[in-house]
Amino acid sequence: MESTTELLQGTLDLLILKVLSLGPRHGWDISQRINEISEQLLTVNQGSLYPALHRLEGRGFVDAEWTMSATARRVRSYRITARGRQCLTKETQVWRSYSRAVNLILQTR
Amino acid sequence: MPTIREVLRNIRLLLTPRAVERDLDDELRTHLDLQTRLNIERGMDPTSARDQAERDFGPIASVKEALRNVHGQPSAPLRDTLGGDLHFAIRSLARHRVFSGVTIFVLTLGIAATTLMFSVVSGILLKPLPFGHPEQIVLIWGSYPSLNLGFSEQPLDGQLIETLRAHRQQFTSISAFVSQLYNIGSTTSPERLNGTLVTSEFFSTIGVRPALGRAFSHDEEAPGKDHVVVLSWALFQRRFGGNPSVVGRTISLNAEPYTIIGVAPKGFAFPRGAEMPGDFQMPEATELWVPMKPPTNGPSELAGIGRVNPGVTLAGAQADLDRMAKLQDDLFPKGRGWWGSRAIPLRTQVVGDVSAMLFALFGAAAILLMIACVNAAQLLLARLQSRRHELAIRAALGASTPRIARVLLIEAMLITGIAGALGTLAGVCGVSLVRTVGPSRLPRLADVTFDGRVTAVAIGVTMIAGLLFGLAPAMRASRVHLADALRQGGRKTGGDAMSVKLRRVLVSAEVALSVMLAIGSGLLVRSLAHELGGDLGFSAPHGLTFEVTLPALRYPETQMATSMDHPRSVAFISDALERIRAIPGVKAAAIGKPLPMSGAQESTVFTPDGADPRLSDNNAKPIVEYTVASHDLFATLGTPLLSGRDFLPSDDNATPGVVIVNRSMAQWLWPGQDPIGKRLRLGTPQMTVPWMTVIGETADMKRFSLTESPRPEMFVPYTQNPYPTFSTMQFVVRSAVDPANLVGPIQRAVAAVDPDIPLARIRTIDELVSDASANARFATLVMSAFGAVALVLAMIGLYGVIAFSVHQRRQEFGLRTALGATREQVVQMVLADGFRLAVIGLAVGIALALAAGGLLHSMLYQVGVADPITLGAVVLLLLGTTALACVLPALRASGVDPRAALDAT
């Protein structure tokens with residue numbers, strides 16, 4: 001598992017929200033999904049993942065509850081809230097324009 | 001904006017940090033487990049799979065540390081911090097004994113008052129009545145809507161009861177009952193017992209099964225078979241030692257043999273006097289029940305009780321009664337229009353008019369608790385101000401804001417916990433006090449206990465109080481800014497502007513609430529003064545009253561249309577009166593049935609001589625109070641005879657019938673005329689019984705309560721065969737000496753006439769009067785106590801705020817003095833400050849009191865809710881106490897030495 005890219009803090013929040021917008025997941029699952037979808041380019045540092053999840057929970061963007069996983073294990077499952085979706089939409093746009101701006105600058109000859 | 005969820009989470013975090021910690025551990029362990037499994041699936045052996053997972057994860061400790069930072073918790077080990085904080089809080093409370101003591105005391109008062117009043121309200125108003133399906137039970141009273149005599153419950157006619165029992169459709173059963181007194185036992189130990197005659201379905205109607213033996217069967221209503229008795233549990237224990245073998249035994253009641261067939265369950269004593277309309281002569285508690293067939297000839301004192309079919313509403317029950325009234329009109333056309341009856345739910349009947357009083361007192365207790373909480377919050381805020389320095393240092397050393405808030409909350413909870421325990425204890429004592437010294441006319445007093453529900457409420461109240469007065473300071477504390485606090489702390493002035501403002505608002509609120517209570521108690525005191533100071537129409541400072549019961553077997557009576565022949569009873573009475581009058585110290589003796597304030601009432605229909613247009617209308621039924629009297633009754637009671645003459649022993653069956661009327665009756669029937677010589681007779685116009693001539697007019701007497709308005713009343717001599725039965729006769733004796741010394745001689749005098757007749761209900765006139773005002777005095781006493789405590793608390797709060805403000809402005813005062821301000825000016829400044837707070841509270845309090853006045857309205861007698869005298873007195877009282885609370889701080893302010901003040905800068 002190559003550690004390739006360090007994530008910016010705000011970016012991790014955005015990725016978590018995006019993954020959760022596809023359905024509720026527990027922490028480990030979230031990190032796996034990010035890893036898979038990014039074709040192993042992004043690896044989430046666990047030391048940032050859980051604080052980020054709790055921070056999002058504290059701000060009301062995600063909900064957490066103890067549930068049983070498919071493998072009958074007690075897991076803390078996270079789910080995106082309506083506020084979280086709003087934030088996701090907004091932050092996605094911000095990200096898009098930001099990355100476009102960065103790309104434009106980098107492409108400048 | 002924090003969401004509710006966040007608030008809840010933070011509270012959980014505050015209160016149970018360890019559970020949160022456990023959650024974190026669990027979550028992280030799950031992660032590691034899952035990663036380990038994945039690694040195994042990828043072909044690693046378990047040990048290295050785990051190692052790899054942990055390596056990937058990074059140091060767990062630092063992750064947890066990061067998580068804690070998210071939650072704003074201190075990095076110190078979380079384990080045991082709750083214990084540590086508790087320890088710290090206890091130490092801190094112990095160090096500030098005065099503060100802790102005062103706060104605990106204040107809260108204890110509030111909690112004790114609230115739990116006590118809730119116990120009373122719960123026992124009397126909320127607890128279900130101890131009968132089967134009590135919601136189905138109604139009391140049934142005679143009702144003559146056209147008649148407006150100021151009392152709503154009339155006895156039922158025996159004939160009507162039989163119709164109701166036979167033709168009911170919406171009722172499962174209907175039963176009648178009437179009070180009957182019995183002398184039990186022999187010449188050696190005669191004792192009078194409170195009995196109730198009931199129709200056979202009484203026990204099934206009220207939904208109570210005898211604890212031993214059985215209830216009555218229908219054929220036991222028949223004369224000859226009706227000599228059976230069910231004992232109350234209390235009588236069974238007291239007189240028969242609780243021996244179950246008494247069932248089946250024969251006892252002597254009113255000198256006749258009765259067989260005990262059952263014992264009622266513990267606590268059952270229906271009907272109880274305090275729970276029934278006062279006009280009916282119900283015993284304080286029923287001690288035995290005897291079956292009867294409802295008497296169908298002549299007037300009766302029957303009350304009805306019915307159980308409606310499941311699901312039938314009160315309106316349905318009433319409709320059924322109305323239907324049967326029409327049926328009875330057809331069956332007995334002679335009494336057309338007299339067969340109405342009215343259903344009243346049992347609970348309404350039993351609790352009666354005290355519910356308004358109890359809710360008012362409960363409200364007062366709740367206000368007192370609010371004041372106590374505000375006061376405690378005050379004290380805590382004040383302490384917080386002086387602790388800012390300490391808290392700032394704690395913050396600087398790494399305690400996070402939630403942690404500091406938690407310590408403050410724990411302190412608050414600790415204080416309320418202690419106060420709650422003490423208050424509950426005081427509440428328990430209060431409950432037993434109320435049960436022993438509570439007013440005898442308070443219904444269901446026996447049901448007032450300190451039950452689990454009350455405990456739960458007490459604890460709830462305590463917790464809410466703790467949160468209420470602990471949260472404000474805790475929230476203030478969370479905004480302590482280190483730099484500010486340290487800067488100010490060095491100068492010891494303390495107190496940020498917000499806290500000061502908050503305290504001033506709290507003090508004004510306290511004043512407002514206490515003004516409410518002061519006005520409430522002022523109104524009750526004024527009302528009570530009116531009650532006690534009013535003219536009763538009688539006055540007998542050394543009056544003694546007692547009752548005797550004359551058993552029918554030895555004192556037979558014959559009933560006629562509107563009269564009753566009872567020669568043996570008349571002989572007994574005149575003989576007894578003669579012997580009593582001969583006792584040294586006795587000034588006068590008489591009988592009166594019923595005596596005023598004895599809890600009994602008798603009324604009669606009459607027909608005046610000559611056409612009275614107001615009475616010709618078929619709807620206007622002339623009913624007046626009716627009292628059987630002897631010679632000297634008015635002299636003994638001290639009731640003025642306004643004109644005419646008193647009854648004489650010579651007014652007997654050989655002479656024409658005579659009657660004395662009171663002023664109200666004379667003015668009602670013969671306005672502007674001399675009543676003497678007018679004629680009237682008992683019964684309806686259709687009944688042709690002999691006329692009676694009015695020979696005297698007396699002043700109006702209060703018969704039943706101190707607040708009633710006078711009712712028309714007539715008196716007839718006991719020597720002219722008046723109805724009703726003389727089976728119970730009330731005597732009154734006026735003496736020159738302490739009436740207690742007369743009981744023995746009177747007992748001997750009565751025994752000389754008939755040794756089997758015991759004296760019962762020996763009471764002085766003063767006691768009867770004081771019983772009649774018992775509920776009012778109870779309410780006034782409780783409300784005044786609450787009001788006084790509230791006022792003291794408010795003044796403590798005011799003193800605290802002003803004293804603190806003076807302390808804070810010391811330099812300013814010093815400077816002013818240095819610049820030439822006189823002492824008077826400084827004193828004035830401080831007083832003005834205090835009075836501003838008090839006057840705001842006063843205005844708000846008066847407005848609130850006027851708004852809430854409706855609660856008290858029904859308890860007030862001749863006093864309006866906006867009574868100017870009460871309001872004036874409260875204003876003066878408050879201004880006076882305000883001056884008292886502010887004068888010490890003001891003097892201190894004026895005494896500030898300018899040099900000292902300037903030095904301190």
# chains A, B, ... in the order shown; residues from 1 in each chain; ligands from 1
>>> select_by_dssp(residues="chain A", states="strand (DSSP E or B)", output="PyMOL selection string")
chain A and resi 5+25-26+42+62-68+74-80
>>> write_last_selection(atoms="N, CA, C and O atoms", output="PDB file, in the first residue's frame")
ATOM      1  N   THR A   5      -0.156  10.352  -1.558  1.00  0.00           N
ATOM      2  CA  THR A   5      -0.443  11.771  -1.429  1.00  0.00           C
ATOM      3  C   THR A   5      -0.912  12.107  -0.020  1.00  0.00           C
ATOM      4  O   THR A   5      -1.771  11.430   0.518  1.00  0.00           O
ATOM      5  N   ARG A  25     -21.693   4.136   6.339  1.00  0.00           N
ATOM      6  CA  ARG A  25     -20.539   3.252   6.454  1.00  0.00           C
ATOM      7  C   ARG A  25     -19.869   3.439   7.792  1.00  0.00           C
ATOM      8  O   ARG A  25     -19.973   4.503   8.387  1.00  0.00           O
ATOM      9  N   HIS A  26     -19.095   2.430   8.211  1.00  0.00           N
ATOM     10  CA  HIS A  26     -18.290   2.635   9.417  1.00  0.00           C
ATOM     11  C   HIS A  26     -16.895   3.073   9.029  1.00  0.00           C
ATOM     12  O   HIS A  26     -16.519   3.075   7.827  1.00  0.00           O
ATOM     13  N   LEU A  42      -5.056   7.504  -3.195  1.00  0.00           N
ATOM     14  CA  LEU A  42      -5.198   8.185  -1.907  1.00  0.00           C
ATOM     15  C   LEU A  42      -5.294   7.166  -0.783  1.00  0.00           C
ATOM     16  O   LEU A  42      -6.115   6.258  -0.840  1.00  0.00           O
ATOM     17  N   VAL A  62     -22.587  14.736   9.989  1.00  0.00           N
ATOM     18  CA  VAL A  62     -22.851  13.299   9.974  1.00  0.00           C
ATOM     19  C   VAL A  62     -23.440  12.885  11.313  1.00  0.00           C
ATOM     20  O   VAL A  62     -23.259  13.565  12.313  1.00  0.00           O
ATOM     21  N   ASP A  63     -24.156  11.772  11.271  1.00  0.00           N
ATOM     22  CA  ASP A  63     -24.716  11.134  12.462  1.00  0.00           C
ATOM     23  C   ASP A  63     -23.970   9.843  12.688  1.00  0.00           C
ATOM     24  O   ASP A  63     -23.524   9.222  11.716  1.00  0.00           O
ATOM     25  N   ALA A  64     -23.857   9.423  13.942  1.00  0.00           N
ATOM     26  CA  ALA A  64     -23.219   8.138  14.172  1.00  0.00           C
ATOM     27  C   ALA A  64     -24.088   7.306  15.085  1.00  0.00           C
ATOM     28  O   ALA A  64     -24.753   7.845  15.973  1.00  0.00           O
ATOM     29  N   GLU A  65     -24.119   5.993  14.851  1.00  0.00           N
ATOM     30  CA  GLU A  65     -24.794   5.126  15.820  1.00  0.00           C
ATOM     31  C   GLU A  65     -24.156   3.746  15.767  1.00  0.00           C
ATOM     32  O   GLU A  65     -23.543   3.351  14.763  1.00  0.00           O
ATOM     33  N   TRP A  66     -24.283   3.058  16.885  1.00  0.00           N
ATOM     34  CA  TRP A  66     -23.735   1.704  16.960  1.00  0.00           C
ATOM     35  C   TRP A  66     -24.691   0.754  16.281  1.00  0.00           C
ATOM     36  O   TRP A  66     -25.855   0.701  16.607  1.00  0.00           O
ATOM     37  N   THR A  67     -24.196  -0.004  15.289  1.00  0.00           N
ATOM     38  CA  THR A  67     -25.053  -0.978  14.603  1.00  0.00           C
ATOM     39  C   THR A  67     -24.262  -2.274  14.448  1.00  0.00           C
ATOM     40  O   THR A  67     -23.083  -2.351  14.806  1.00  0.00           O
ATOM     41  N   MET A  68     -24.946  -3.281  13.897  1.00  0.00           N
ATOM     42  CA  MET A  68     -24.263  -4.530  13.608  1.00  0.00           C
ATOM     43  C   MET A  68     -23.853  -4.496  12.142  1.00  0.00           C
ATOM     44  O   MET A  68     -24.657  -4.147  11.264  1.00  0.00           O
ATOM     45  N   ARG A  74     -20.072  -5.335  16.051  1.00  0.00           N
ATOM     46  CA  ARG A  74     -20.644  -4.079  16.526  1.00  0.00           C
ATOM     47  C   ARG A  74     -19.772  -2.947  15.987  1.00  0.00           C
ATOM     48  O   ARG A  74     -18.586  -2.875  16.324  1.00  0.00           O
ATOM     49  N   VAL A  75     -20.327  -2.133  15.114  1.00  0.00           N
ATOM     50  CA  VAL A  75     -19.524  -1.063  14.527  1.00  0.00           C
ATOM     51  C   VAL A  75     -20.238   0.263  14.697  1.00  0.00           C
ATOM     52  O   VAL A  75     -21.452   0.313  14.852  1.00  0.00           O
ATOM     53  N   ARG A  76     -19.443   1.331  14.677  1.00  0.00           N
ATOM     54  CA  ARG A  76     -20.030   2.663  14.774  1.00  0.00           C
ATOM     55  C   ARG A  76     -20.238   3.140  13.344  1.00  0.00           C
ATOM     56  O   ARG A  76     -19.279   3.386  12.623  1.00  0.00           O
ATOM     57  N   SER A  77     -21.471   3.221  12.939  1.00  0.00           N
ATOM     58  CA  SER A  77     -21.790   3.498  11.552  1.00  0.00           C
ATOM     59  C   SER A  77     -22.139   4.978  11.389  1.00  0.00           C
ATOM     60  O   SER A  77     -22.863   5.546  12.204  1.00  0.00           O
ATOM     61  N   TYR A  78     -21.575   5.588  10.351  1.00  0.00           N
ATOM     62  CA  TYR A  78     -21.798   7.013  10.106  1.00  0.00           C
ATOM     63  C   TYR A  78     -22.739   7.188   8.941  1.00  0.00           C
ATOM     64  O   TYR A  78     -22.752   6.405   7.998  1.00  0.00           O
ATOM     65  N   ARG A  79     -23.528   8.263   9.009  1.00  0.00           N
ATOM     66  CA  ARG A  79     -24.530   8.542   7.974  1.00  0.00           C
ATOM     67  C   ARG A  79     -24.526  10.044   7.754  1.00  0.00           C
ATOM     68  O   ARG A  79     -24.410  10.816   8.700  1.00  0.00           O
ATOM     69  N   ILE A  80     -24.647  10.455   6.479  1.00  0.00           N
ATOM     70  CA  ILE A  80     -24.609  11.889   6.195  1.00  0.00           C
ATOM     71  C   ILE A  80     -25.955  12.512   6.555  1.00  0.00           C
ATOM     72  O   ILE A  80     -27.004  11.885   6.387  1.00  0.00           O
TER      73      ILE A  80
END
>>> closest_atom_pairs(of="chain A", to="chain B", cutoff="9 Å", atoms="only C-alpha atoms", output="Markdown table")
| residue | atom | partner | partner_atom | distance |
| --- | --- | --- | --- | --- |
| A:His26 | CA | B:His31 | CA | 8.8 |
| A:Gly27 | CA | B:His31 | CA | 6.9 |
| A:Trp28 | CA | B:His31 | CA | 5.3 |
| A:Asp29 | CA | B:His31 | CA | 8.7 |
| A:Asn45 | CA | B:Phe57 | CA | 7.1 |
| A:Gln46 | CA | B:Phe57 | CA | 5.4 |
| A:Gly47 | CA | B:Val63 | CA | 4.9 |
| A:Ser48 | CA | B:Val63 | CA | 7.5 |
| A:Tyr50 | CA | B:Leu67 | CA | 7.0 |
| A:Pro51 | CA | B:Leu67 | CA | 4.9 |
| A:Ala52 | CA | B:Val70 | CA | 8.4 |
| A:His54 | CA | B:Val70 | CA | 6.9 |
| A:Arg55 | CA | B:Val70 | CA | 6.0 |
| A:Glu57 | CA | B:Glu6 | CA | 8.6 |
| A:Gly58 | CA | B:Glu6 | CA | 6.4 |
| A:Arg59 | CA | B:Glu6 | CA | 7.9 |
| A:Gly60 | CA | B:Glu6 | CA | 7.5 |
| A:Arg73 | CA | B:Thr30 | CA | 8.1 |
| A:Arg74 | CA | B:Thr30 | CA | 7.9 |
| A:Val75 | CA | B:Thr30 | CA | 6.7 |
| A:Arg76 | CA | B:Glu27 | CA | 6.3 |
>>> atom_distance(atom1="atom CA of Ser569 of chain B", atom2="atom CA of Asp754 of chain B")
11.1 Å
>>> select_by_dssp(residues="segment 570-744 of chain B", states="alpha helix (DSSP H)", output="ChimeraX atom specification")
/B:570-581,613-616,633-637,663-669,743-744
>>> residues_around(residues="Val661 of chain B", least_positions_apart="4", cutoff="8 Å", atoms="only C-alpha atoms", output="list of chain:residue names")
B:Met665, B:Ala666, B:Val694, B:Gly696, B:Glu697, B:Thr698, B:Pro712, B:Glu713, B:Met714, B:Phe715
>>> residues_around(residues="segment 423-434 of chain B", least_positions_apart="5", cutoff="7 Å", atoms="only C-alpha atoms", output="VMD selection string")
chain B and resid 108 to 109 111 to 113 115 to 116 449 to 450 458
